>>> print(open('target.cif').read())   # mmCIF, C-alpha atoms and all ligand atoms
data_run
#
loop_
_atom_site.group_PDB
_atom_site.id
_atom_site.type_symbol
_atom_site.label_atom_id
_atom_site.label_comp_id
_atom_site.auth_asym_id
_atom_site.auth_seq_id
_atom_site.Cartn_x
_atom_site.Cartn_y
_atom_site.Cartn_z
ATOM 1 C CA MET A 7 -55.694 -29.598 -7.287
ATOM 2 C CA LEU A 8 -53.565 -26.530 -8.041
ATOM 3 C CA LYS A 9 -52.886 -26.223 -11.772
ATOM 4 C CA LEU A 10 -49.457 -24.745 -12.492
ATOM 5 C CA ALA A 11 -48.180 -23.164 -15.703
ATOM 6 C CA VAL A 12 -44.389 -22.944 -15.660
ATOM 7 C CA ILE A 13 -42.592 -20.344 -17.798
ATOM 8 C CA GLY A 14 -38.807 -20.411 -18.250
ATOM 9 C CA SER A 15 -36.002 -19.533 -20.620
ATOM 10 C CA GLY A 16 -33.305 -21.987 -19.602
ATOM 11 C CA SER A 17 -32.410 -25.443 -18.455
ATOM 12 C CA GLY A 18 -35.522 -26.021 -16.358
ATOM 13 C CA THR A 19 -33.969 -27.541 -13.253
ATOM 14 C CA ASN A 20 -36.523 -25.681 -11.128
ATOM 15 C CA TYR A 21 -39.323 -27.031 -13.320
ATOM 16 C CA LEU A 22 -37.856 -30.501 -12.783
ATOM 17 C CA ALA A 23 -37.730 -30.075 -8.995
ATOM 18 C CA ILE A 24 -41.413 -29.077 -9.014
ATOM 19 C CA GLN A 25 -42.366 -31.936 -11.330
ATOM 20 C CA GLU A 26 -40.453 -34.442 -9.191
ATOM 21 C CA ALA A 27 -42.122 -33.180 -5.994
ATOM 22 C CA ILE A 28 -45.495 -33.740 -7.682
ATOM 23 C CA GLU A 29 -44.501 -37.227 -8.865
ATOM 24 C CA LYS A 30 -43.215 -38.147 -5.394
ATOM 25 C CA GLY A 31 -46.520 -37.025 -3.909
ATOM 26 C CA THR A 32 -45.045 -34.218 -1.793
ATOM 27 C CA LEU A 33 -46.747 -31.442 -3.758
ATOM 28 C CA ASP A 34 -50.461 -31.641 -4.483
ATOM 29 C CA ALA A 35 -50.467 -29.923 -7.865
ATOM 30 C CA GLN A 36 -50.266 -30.557 -11.583
ATOM 31 C CA VAL A 37 -48.139 -28.824 -14.227
ATOM 32 C CA VAL A 38 -50.651 -28.140 -17.003
ATOM 33 C CA CYS A 39 -48.205 -26.533 -19.434
ATOM 34 C CA VAL A 40 -44.655 -25.245 -19.818
ATOM 35 C CA LEU A 41 -43.913 -22.177 -21.943
ATOM 36 C CA SER A 42 -40.599 -20.743 -23.098
ATOM 37 C CA ASP A 43 -39.418 -17.768 -25.129
ATOM 38 C CA VAL A 44 -36.380 -19.817 -26.263
ATOM 39 C CA PRO A 45 -37.214 -22.355 -28.996
ATOM 40 C CA ASP A 46 -34.578 -24.933 -28.037
ATOM 41 C CA ALA A 47 -34.631 -24.363 -24.266
ATOM 42 C CA LEU A 48 -33.978 -27.511 -22.254
ATOM 43 C CA ILE A 49 -37.018 -26.718 -20.108
ATOM 44 C CA LEU A 50 -39.279 -27.547 -23.090
ATOM 45 C CA GLU A 51 -37.503 -30.848 -23.688
ATOM 46 C CA ARG A 52 -37.703 -31.739 -20.002
ATOM 47 C CA ALA A 53 -41.428 -30.953 -19.970
ATOM 48 C CA ARG A 54 -42.045 -33.213 -22.979
ATOM 49 C CA GLN A 55 -40.111 -36.007 -21.254
ATOM 50 C CA HIS A 56 -42.686 -35.716 -18.466
ATOM 51 C CA ASP A 57 -45.613 -35.670 -20.920
ATOM 52 C CA THR A 58 -46.352 -32.044 -20.107
ATOM 53 C CA PRO A 59 -47.652 -29.853 -22.966
ATOM 54 C CA ALA A 60 -44.740 -27.545 -23.898
ATOM 55 C CA PHE A 61 -44.846 -24.483 -26.145
ATOM 56 C CA HIS A 62 -42.361 -22.011 -27.548
ATOM 57 C CA VAL A 63 -43.739 -18.465 -27.689
ATOM 58 C CA ASP A 64 -41.837 -16.118 -29.990
ATOM 59 C CA CYS A 65 -41.462 -12.857 -28.044
ATOM 60 C CA ALA A 66 -39.981 -10.739 -30.871
ATOM 61 C CA PRO A 67 -39.561 -7.853 -31.447
ATOM 62 C CA PHE A 68 -38.991 -7.375 -27.703
ATOM 63 C CA LYS A 69 -35.733 -8.573 -26.164
ATOM 64 C CA THR A 70 -36.226 -8.075 -22.447
ATOM 65 C CA LYS A 71 -39.994 -8.106 -21.836
ATOM 66 C CA LEU A 72 -43.124 -10.159 -22.497
ATOM 67 C CA ASP A 73 -45.422 -7.718 -24.243
ATOM 68 C CA GLY A 74 -47.704 -7.200 -27.232
ATOM 69 C CA GLU A 75 -48.818 -10.217 -29.274
ATOM 70 C CA ALA A 76 -46.572 -12.627 -27.392
ATOM 71 C CA GLU A 77 -48.127 -11.587 -24.093
ATOM 72 C CA GLN A 78 -51.597 -12.179 -25.560
ATOM 73 C CA ARG A 79 -50.513 -15.597 -26.853
ATOM 74 C CA VAL A 80 -49.186 -16.504 -23.398
ATOM 75 C CA ILE A 81 -52.451 -15.383 -21.761
ATOM 76 C CA ALA A 82 -54.411 -17.464 -24.300
ATOM 77 C CA LEU A 83 -52.288 -20.570 -23.584
ATOM 78 C CA LEU A 84 -52.651 -20.099 -19.819
ATOM 79 C CA GLU A 85 -56.430 -19.806 -20.224
ATOM 80 C CA GLN A 86 -56.653 -22.801 -22.585
ATOM 81 C CA HIS A 87 -54.839 -24.921 -20.017
ATOM 82 C CA ASP A 88 -56.932 -23.528 -17.171
ATOM 83 C CA ALA A 89 -53.852 -22.514 -15.143
ATOM 84 C CA ASP A 90 -54.455 -21.382 -11.541
ATOM 85 C CA LEU A 91 -50.915 -20.194 -10.862
ATOM 86 C CA VAL A 92 -48.144 -18.919 -13.144
ATOM 87 C CA VAL A 93 -44.737 -20.145 -11.986
ATOM 88 C CA LEU A 94 -41.785 -18.219 -13.402
ATOM 89 C CA ALA A 95 -38.719 -20.467 -13.310
ATOM 90 C CA GLY A 96 -35.717 -18.832 -14.913
ATOM 91 C CA PHE A 97 -37.837 -16.648 -17.216
ATOM 92 C CA MET A 98 -35.509 -13.877 -18.315
ATOM 93 C CA ARG A 99 -38.092 -11.276 -19.345
ATOM 94 C CA LEU A 100 -40.063 -8.636 -17.494
ATOM 95 C CA ILE A 101 -43.747 -9.416 -17.106
ATOM 96 C CA LYS A 102 -46.055 -6.543 -18.112
ATOM 97 C CA PRO A 103 -49.382 -5.252 -16.691
ATOM 98 C CA ALA A 104 -51.841 -7.193 -18.926
ATOM 99 C CA LEU A 105 -50.584 -10.579 -17.714
ATOM 100 C CA ILE A 106 -50.269 -9.358 -14.118
ATOM 101 C CA ALA A 107 -53.855 -8.053 -14.198
ATOM 102 C CA ARG A 108 -55.194 -11.295 -15.699
ATOM 103 C CA PHE A 109 -53.443 -13.381 -12.997
ATOM 104 C CA ALA A 110 -53.531 -10.885 -10.139
ATOM 105 C CA GLY A 111 -51.783 -12.328 -7.077
ATOM 106 C CA ARG A 112 -51.311 -15.627 -8.919
ATOM 107 C CA ILE A 113 -47.828 -15.226 -10.423
ATOM 108 C CA VAL A 114 -44.725 -16.335 -8.515
ATOM 109 C CA ASN A 115 -41.020 -16.148 -9.328
ATOM 110 C CA ILE A 116 -37.777 -17.569 -8.000
ATOM 111 C CA HIS A 117 -34.746 -15.294 -7.842
ATOM 112 C CA PRO A 118 -31.183 -16.459 -7.129
ATOM 113 C CA ALA A 119 -30.423 -13.871 -4.419
ATOM 114 C CA LEU A 120 -31.671 -12.661 -1.065
ATOM 115 C CA LEU A 121 -33.930 -9.884 -2.294
ATOM 116 C CA PRO A 122 -34.025 -6.917 -2.151
ATOM 117 C CA ALA A 123 -30.254 -7.331 -2.637
ATOM 118 C CA PHE A 124 -29.033 -8.097 -6.131
ATOM 119 C CA PRO A 125 -32.127 -7.965 -8.354
ATOM 120 C CA GLY A 126 -31.742 -8.417 -12.103
ATOM 121 C CA LEU A 127 -29.308 -10.641 -13.954
ATOM 122 C CA HIS A 128 -26.481 -12.903 -12.712
ATOM 123 C CA SER A 129 -27.359 -12.196 -9.094
ATOM 124 C CA TRP A 130 -24.980 -14.822 -7.729
ATOM 125 C CA LYS A 131 -22.102 -13.062 -9.539
ATOM 126 C CA GLN A 132 -23.285 -9.713 -8.166
ATOM 127 C CA ALA A 133 -23.188 -11.210 -4.640
ATOM 128 C CA LEU A 134 -19.736 -12.726 -5.147
ATOM 129 C CA ASP A 135 -18.314 -9.509 -6.626
ATOM 130 C CA TYR A 136 -19.831 -7.420 -3.825
ATOM 131 C CA GLY A 137 -18.189 -9.603 -1.211
ATOM 132 C CA VAL A 138 -21.203 -10.549 0.880
ATOM 133 C CA LYS A 139 -20.750 -13.640 3.050
ATOM 134 C CA VAL A 140 -24.265 -15.036 2.722
ATOM 135 C CA ALA A 141 -26.221 -15.564 -0.501
ATOM 136 C CA GLY A 142 -29.397 -17.473 -1.283
ATOM 137 C CA CYS A 143 -32.658 -17.498 -3.144
ATOM 138 C CA THR A 144 -36.069 -15.890 -2.836
ATOM 139 C CA VAL A 145 -39.525 -17.065 -3.910
ATOM 140 C CA HIS A 146 -41.871 -14.109 -4.270
ATOM 141 C CA PHE A 147 -45.157 -12.963 -5.756
ATOM 142 C CA VAL A 148 -44.684 -10.972 -8.943
ATOM 143 C CA ASP A 149 -45.696 -7.336 -9.216
ATOM 144 C CA GLU A 150 -44.887 -4.801 -11.910
ATOM 145 C CA GLY A 151 -41.362 -4.103 -10.659
ATOM 146 C CA MET A 152 -38.272 -6.149 -11.326
ATOM 147 C CA ASP A 153 -37.939 -8.711 -8.492
ATOM 148 C CA THR A 154 -39.893 -6.448 -6.120
ATOM 149 C CA GLY A 155 -43.017 -8.418 -5.176
ATOM 150 C CA PRO A 156 -43.936 -9.704 -1.670
ATOM 151 C CA ILE A 157 -41.549 -12.374 -0.415
ATOM 152 C CA ILE A 158 -42.921 -15.860 0.299
ATOM 153 C CA LEU A 159 -39.721 -17.517 1.509
ATOM 154 C CA GLN A 160 -35.951 -17.288 1.351
ATOM 155 C CA LYS A 161 -33.140 -19.794 1.808
ATOM 156 C CA THR A 162 -29.541 -18.913 2.548
ATOM 157 C CA VAL A 163 -26.173 -20.407 1.615
ATOM 158 C CA PRO A 164 -22.688 -19.391 2.805
ATOM 159 C CA ILE A 165 -20.221 -17.840 0.383
ATOM 160 C CA LEU A 166 -16.885 -19.605 0.751
ATOM 161 C CA ASP A 167 -13.466 -18.073 0.089
ATOM 162 C CA GLU A 168 -12.790 -20.567 -2.690
ATOM 163 C CA ASP A 169 -16.161 -20.002 -4.434
ATOM 164 C CA THR A 170 -16.351 -19.290 -8.139
ATOM 165 C CA VAL A 171 -19.390 -18.034 -10.028
ATOM 166 C CA GLU A 172 -20.162 -21.662 -10.911
ATOM 167 C CA THR A 173 -19.796 -23.207 -7.444
ATOM 168 C CA LEU A 174 -21.871 -20.471 -5.829
ATOM 169 C CA HIS A 175 -24.646 -20.716 -8.426
ATOM 170 C CA ALA A 176 -24.735 -24.505 -7.974
ATOM 171 C CA ARG A 177 -25.052 -24.132 -4.177
ATOM 172 C CA ILE A 178 -27.865 -21.581 -4.603
ATOM 173 C CA GLN A 179 -29.649 -23.817 -7.109
ATOM 174 C CA GLN A 180 -29.662 -26.739 -4.625
ATOM 175 C CA GLN A 181 -31.631 -24.496 -2.270
ATOM 176 C CA GLU A 182 -33.889 -23.260 -5.089
ATOM 177 C CA HIS A 183 -34.908 -26.846 -5.768
ATOM 178 C CA LEU A 184 -36.106 -27.117 -2.159
ATOM 179 C CA ALA A 185 -37.541 -23.611 -1.919
ATOM 180 C CA TYR A 186 -39.853 -23.663 -4.943
ATOM 181 C CA PRO A 187 -41.724 -26.886 -4.079
ATOM 182 C CA GLU A 188 -41.950 -25.663 -0.458
ATOM 183 C CA ALA A 189 -43.485 -22.333 -1.505
ATOM 184 C CA LEU A 190 -45.895 -24.061 -3.877
ATOM 185 C CA ARG A 191 -46.953 -26.440 -1.094
ATOM 186 C CA LEU A 192 -47.909 -23.422 1.028
ATOM 187 C CA ILE A 193 -49.921 -21.942 -1.850
ATOM 188 C CA ALA A 194 -51.567 -25.285 -2.682
ATOM 189 C CA ALA A 195 -52.596 -25.647 0.977
ATOM 190 C CA ASN A 196 -53.960 -22.095 0.934
ATOM 191 C CA ARG A 197 -51.709 -21.188 3.873
ATOM 192 C CA LEU A 198 -50.491 -17.742 2.757
ATOM 193 C CA THR A 199 -52.069 -14.389 3.492
ATOM 194 C CA LEU A 200 -50.842 -11.000 2.398
ATOM 195 C CA ARG A 201 -50.636 -8.175 4.963
ATOM 196 C CA GLY A 202 -49.209 -5.143 3.170
ATOM 197 C CA ARG A 203 -45.916 -6.369 1.756
ATOM 198 C CA ARG A 204 -45.700 -9.217 4.264
ATOM 199 C CA VAL A 205 -46.665 -12.745 3.303
ATOM 200 C CA LEU A 206 -47.814 -14.528 6.458
ATOM 201 C CA GLN A 207 -48.125 -18.291 6.948
ATOM 202 C CA THR A 208 -51.122 -19.765 8.702
ATOM 203 C CA LEU A 209 -50.905 -23.142 10.474
ATOM 204 C CA PRO A 210 -51.669 -26.324 8.554
ATOM 205 C CA ARG A 211 -55.381 -27.140 8.713
ATOM 206 C CA ASP A 212 -54.898 -30.220 10.950
ATOM 207 C CA LEU A 213 -53.058 -28.123 13.599
ATOM 208 C CA ASN A 214 -55.617 -25.306 13.560
HETATM 209 C C1 LIG B 301 -32.416 -20.046 -11.614
HETATM 210 O O1 LIG B 301 -31.230 -19.975 -10.837
HETATM 211 C C2 LIG B 301 -33.308 -18.868 -11.341
HETATM 212 O O2 LIG B 301 -33.271 -18.445 -10.019
HETATM 213 C C3 LIG B 301 -32.730 -17.839 -12.254
HETATM 214 O O3 LIG B 301 -32.438 -18.537 -13.434
HETATM 215 C C4 LIG B 301 -32.087 -19.867 -13.100
HETATM 216 C C5 LIG B 301 -32.904 -20.809 -13.965
HETATM 217 O O4 LIG B 301 -32.476 -22.124 -13.797
HETATM 218 N N1 LIG B 301 -33.652 -16.768 -12.478
HETATM 219 C C6 LIG B 301 -33.288 -15.508 -12.640
HETATM 220 O O5 LIG B 301 -32.130 -15.147 -12.618
HETATM 221 C C7 LIG B 301 -34.444 -14.541 -12.850
HETATM 222 N N2 LIG B 301 -34.005 -13.196 -12.652
HETATM 223 P P1 LIG B 301 -33.354 -23.336 -14.295
HETATM 224 O O6 LIG B 301 -33.781 -23.039 -15.728
HETATM 225 O O7 LIG B 301 -32.400 -24.501 -14.243
HETATM 226 O O8 LIG B 301 -34.531 -23.495 -13.380
#
>>> encode(input="target.cif", output="structure tokens")
Amino acid sequence: MLKLAVIGSGSGTNYLAIQEAIEKGTLDAQVVCVLSDVPDALILERARQHDTPAFHVDCAPFKTKLDGEAEQRVIALLEQHDADLVVLAGFMRLIKPALIARFAGRIVNIHPALLPAFPGLHSWKQALDYGVKVAGCTVHFVDEGMDTGPIILQKTVPILDEDTVETLHARIQQQEHLAYPEALRLIAANRLTLRGRRVLQTLPRDLN
């Protein structure tokens, strides 16, 4: 069974969607630990409510990246919990080469935009301000760039004339909560292969 380590900085609704898919039996995986750089992040509380080991990792002195001692502590926790896959879910720091090398090809992220458009922060606001008519979310493998890794899947939502930053983000998040379990199901079933930058899906085993 695929052992997931979830890392996030915020409210953890994506963590919850993954956990609920596991509990419903639609995702054959287990969340072995949840880590956060924010001591009172809701994601940690939600993990504890589901009896999942949850840890705060102090990432000082860095503000925007996971580096140095904190990176080593994260690697140690991932190893202690025997994680197969690192699942970034609202983690607001850049991942650096030591972690990427240790979990090569085994780190995924969800981003609230249709990459490569609108990488970085507050992507739904970037989309709204730009005036695009379609927004969405992207699940992708993580490489050393910011939101640049190979794309596993994307889901779209319309942008409506009456949308605000809040209504658009909520609509995108509904799709995120479907997209992340779906992407993890493909990984758990070993159905993804990488060809260059393209992530290709093979048929389910019983149809092959
Ligand atoms: C999600 O919308 C996720 O896509 C976004 O943070 C939110 C976390 O929500 N991530 C990024 O913006 C990363 N660049 P959650 O804590 O409720 O899952």
>>> closest_residue(input="target.cif", among="A:His56, A:Arg79, A:Arg177, A:His62", to="ligand LIG 301 (chain B)", atoms="only C-alpha atoms and all ligand atoms")
A:Arg177
>>> residues_around(input="target.cif", residues="Pro187 of chain A", least_positions_apart="6", cutoff="9 Å", atoms="all atoms listed in the file", output="PyMOL selection string")
chain A and resi 20+23-25+27-28+32-33
>>> closest_atom_pairs(input="target.cif", of="chain A", to="ligand LIG 301 (chain B)", cutoff="8 Å", atoms="all atoms listed in the file", output="tab-separated table")
residue	atom	partner	partner_atom	distance
A:Gly14	CA	B:LIG301	O6	6.2
A:Ser15	CA	B:LIG301	O6	6.4
A:Gly16	CA	B:LIG301	O6	4.0
A:Ser17	CA	B:LIG301	O6	3.9
A:Gly18	CA	B:LIG301	O6	3.5
A:Thr19	CA	B:LIG301	O7	3.6
A:Asn20	CA	B:LIG301	O8	3.7
A:Tyr21	CA	B:LIG301	O8	6.0
A:Leu22	CA	B:LIG301	O8	7.8
A:Leu48	CA	B:LIG301	O6	7.9
A:Ile49	CA	B:LIG301	O6	6.6
A:Ala95	CA	B:LIG301	O8	5.2
A:Gly96	CA	B:LIG301	C5	3.6
A:Phe97	CA	B:LIG301	C7	5.9
A:Met98	CA	B:LIG301	C7	5.6
A:Asn115	CA	B:LIG301	C7	7.6
A:Ile116	CA	B:LIG301	O2	5.0
A:His117	CA	B:LIG301	O2	4.1
A:Pro118	CA	B:LIG301	O2	4.1
A:Ala119	CA	B:LIG301	O2	7.8
A:Pro125	CA	B:LIG301	N2	7.0
A:Gly126	CA	B:LIG301	N2	5.3
A:Leu127	CA	B:LIG301	O5	5.5
A:His128	CA	B:LIG301	O5	6.1
A:Ser129	CA	B:LIG301	O5	6.6
A:Cys143	CA	B:LIG301	O2	7.0
A:Asp153	CA	B:LIG301	N2	7.3
A:His175	CA	B:LIG301	O1	7.1
A:Ile178	CA	B:LIG301	O1	7.3
A:Gln179	CA	B:LIG301	O1	5.6
A:Glu182	CA	B:LIG301	O2	6.9
>>> closest_residue(input="target.cif", among="A:Cys65, A:Leu121, A:Ala189, A:Ala194", to="Ile101 of chain A", atoms="only C-alpha atoms")
A:Cys65
>>> atom_distance(input="target.cif", atom1="atom CA of Val40 of chain A", atom2="atom CA of Leu100 of chain A")
17.4 Å
>>> residues_around(input="target.cif", residues="Asp64 of chain A", least_positions_apart="4", cutoff="8 Å", atoms="only C-alpha atoms", output="PDB file with C-alpha atoms, in the coordinates of the input")
ATOM      1  CA  ASP A  43     -39.418 -17.768 -25.129  1.00  0.00           C
ATOM      2  CA  VAL A  44     -36.380 -19.817 -26.263  1.00  0.00           C
ATOM      3  CA  PRO A  45     -37.214 -22.355 -28.996  1.00  0.00           C
ATOM      4  CA  ALA A  76     -46.572 -12.627 -27.392  1.00  0.00           C
TER       5      ALA A  76
END
>>> residues_around(input="target.cif", residues="Ile106 of chain A", least_positions_apart="5", cutoff="8 Å", atoms="all atoms listed in the file", output="PDB file with C-alpha atoms, in the coordinates of the input")
ATOM      1  CA  ILE A 101     -43.747  -9.416 -17.106  1.00  0.00           C
ATOM      2  CA  GLY A 111     -51.783 -12.328  -7.077  1.00  0.00           C
ATOM      3  CA  ILE A 113     -47.828 -15.226 -10.423  1.00  0.00           C
ATOM      4  CA  VAL A 148     -44.684 -10.972  -8.943  1.00  0.00           C
ATOM      5  CA  ASP A 149     -45.696  -7.336  -9.216  1.00  0.00           C
ATOM      6  CA  GLU A 150     -44.887  -4.801 -11.910  1.00  0.00           C
TER       7      GLU A 150
END
>>> residues_around(input="target.cif", residues="Gln78 of chain A", least_positions_apart="4", cutoff="9 Å", atoms="only C-alpha atoms", output="VMD selection string")
chain A and resid 73 to 74 82 to 83 104 to 105
>>> resolve_selection(input="target.cif", expression="the PyMOL selection byres (((chain A and resi 191) around 12) and not hetatm)", output="ChimeraX atom specification")
/A:7-8,10,24,27-28,31-36,158-159,184-190,192-198,207,210
>>> residues_around(input="target.cif", residues="segment 203-205 of chain A", least_positions_apart="2", cutoff="6 Å", atoms="only C-alpha atoms", output="ChimeraX atom specification")
/A:156,158,199-201
>>> write_last_selection(input="target.cif", atoms="C-alpha atoms", output="tab-separated table (two decimals), keeping the file's coordinate frame")
chain	number	residue	atom	x	y	z
A	156	PRO	CA	-43.94	-9.70	-1.67
A	158	ILE	CA	-42.92	-15.86	0.30
A	199	THR	CA	-52.07	-14.39	3.49
A	200	LEU	CA	-50.84	-11.00	2.40
A	201	ARG	CA	-50.64	-8.18	4.96
>>> closest_residue(input="target.cif", among="A:Thr162, A:Thr58, A:Gln132, A:Thr70", to="Gln180 of chain A", atoms="only C-alpha atoms")
A:Thr162
>>> resolve_selection(input="target.cif", expression="the PyMOL selection byres (((chain A and resi 133-138) around 8) and not hetatm)", output="PyMOL selection string")
chain A and resi 119+124+129-132+139-141+165+170-171
>>> atom_distance(input="target.cif", atom1="atom CA of Gly151 of chain A", atom2="atom CA of Leu91 of chain A")
18.7 Å
>>> build_atoms(input="target.cif", residues="segment 97-112 of chain A", atoms="N, CA and C atoms", output="short mmCIF file (atom, residue, chain, number, x, y, z; two decimals), keeping the file's coordinate frame")
data_model
loop_
_atom_site.label_atom_id
_atom_site.label_comp_id
_atom_site.auth_asym_id
_atom_site.auth_seq_id
_atom_site.Cartn_x
_atom_site.Cartn_y
_atom_site.Cartn_z
N PHE A 97 -37.33 -17.39 -16.06
CA PHE A 97 -37.84 -16.65 -17.22
C PHE A 97 -37.15 -15.29 -17.24
N MET A 98 -36.42 -15.02 -18.31
CA MET A 98 -35.51 -13.88 -18.32
C MET A 98 -36.12 -12.63 -18.96
N ARG A 99 -37.43 -12.46 -18.81
CA ARG A 99 -38.09 -11.28 -19.34
C ARG A 99 -38.97 -10.64 -18.28
N LEU A 100 -39.15 -9.34 -18.41
CA LEU A 100 -40.06 -8.64 -17.49
C LEU A 100 -41.50 -8.92 -17.90
N ILE A 101 -42.32 -9.18 -16.89
CA ILE A 101 -43.75 -9.42 -17.11
C ILE A 101 -44.45 -8.05 -17.09
N LYS A 102 -45.40 -7.85 -17.99
CA LYS A 102 -46.06 -6.54 -18.11
C LYS A 102 -47.48 -6.57 -17.53
N PRO A 103 -48.11 -5.37 -17.44
CA PRO A 103 -49.38 -5.25 -16.69
C PRO A 103 -50.54 -6.13 -17.18
N ALA A 104 -50.67 -6.42 -18.47
CA ALA A 104 -51.84 -7.19 -18.93
C ALA A 104 -51.83 -8.59 -18.31
N LEU A 105 -50.68 -9.23 -18.30
CA LEU A 105 -50.58 -10.58 -17.71
C LEU A 105 -50.77 -10.51 -16.19
N ILE A 106 -50.15 -9.49 -15.58
CA ILE A 106 -50.27 -9.36 -14.12
C ILE A 106 -51.73 -9.13 -13.72
N ALA A 107 -52.44 -8.31 -14.51
CA ALA A 107 -53.86 -8.05 -14.20
C ALA A 107 -54.68 -9.31 -14.38
N ARG A 108 -54.39 -10.08 -15.43
CA ARG A 108 -55.19 -11.30 -15.70
C ARG A 108 -54.98 -12.36 -14.61
N PHE A 109 -53.75 -12.39 -14.04
CA PHE A 109 -53.44 -13.38 -13.00
C PHE A 109 -53.04 -12.66 -11.71
N ALA A 110 -53.85 -11.72 -11.30
CA ALA A 110 -53.53 -10.88 -10.14
C ALA A 110 -53.29 -11.74 -8.90
N GLY A 111 -52.11 -11.58 -8.30
CA GLY A 111 -51.78 -12.33 -7.08
C GLY A 111 -51.52 -13.81 -7.33
N ARG A 112 -51.47 -14.20 -8.61
CA ARG A 112 -51.31 -15.63 -8.92
C ARG A 112 -50.11 -15.87 -9.85
#
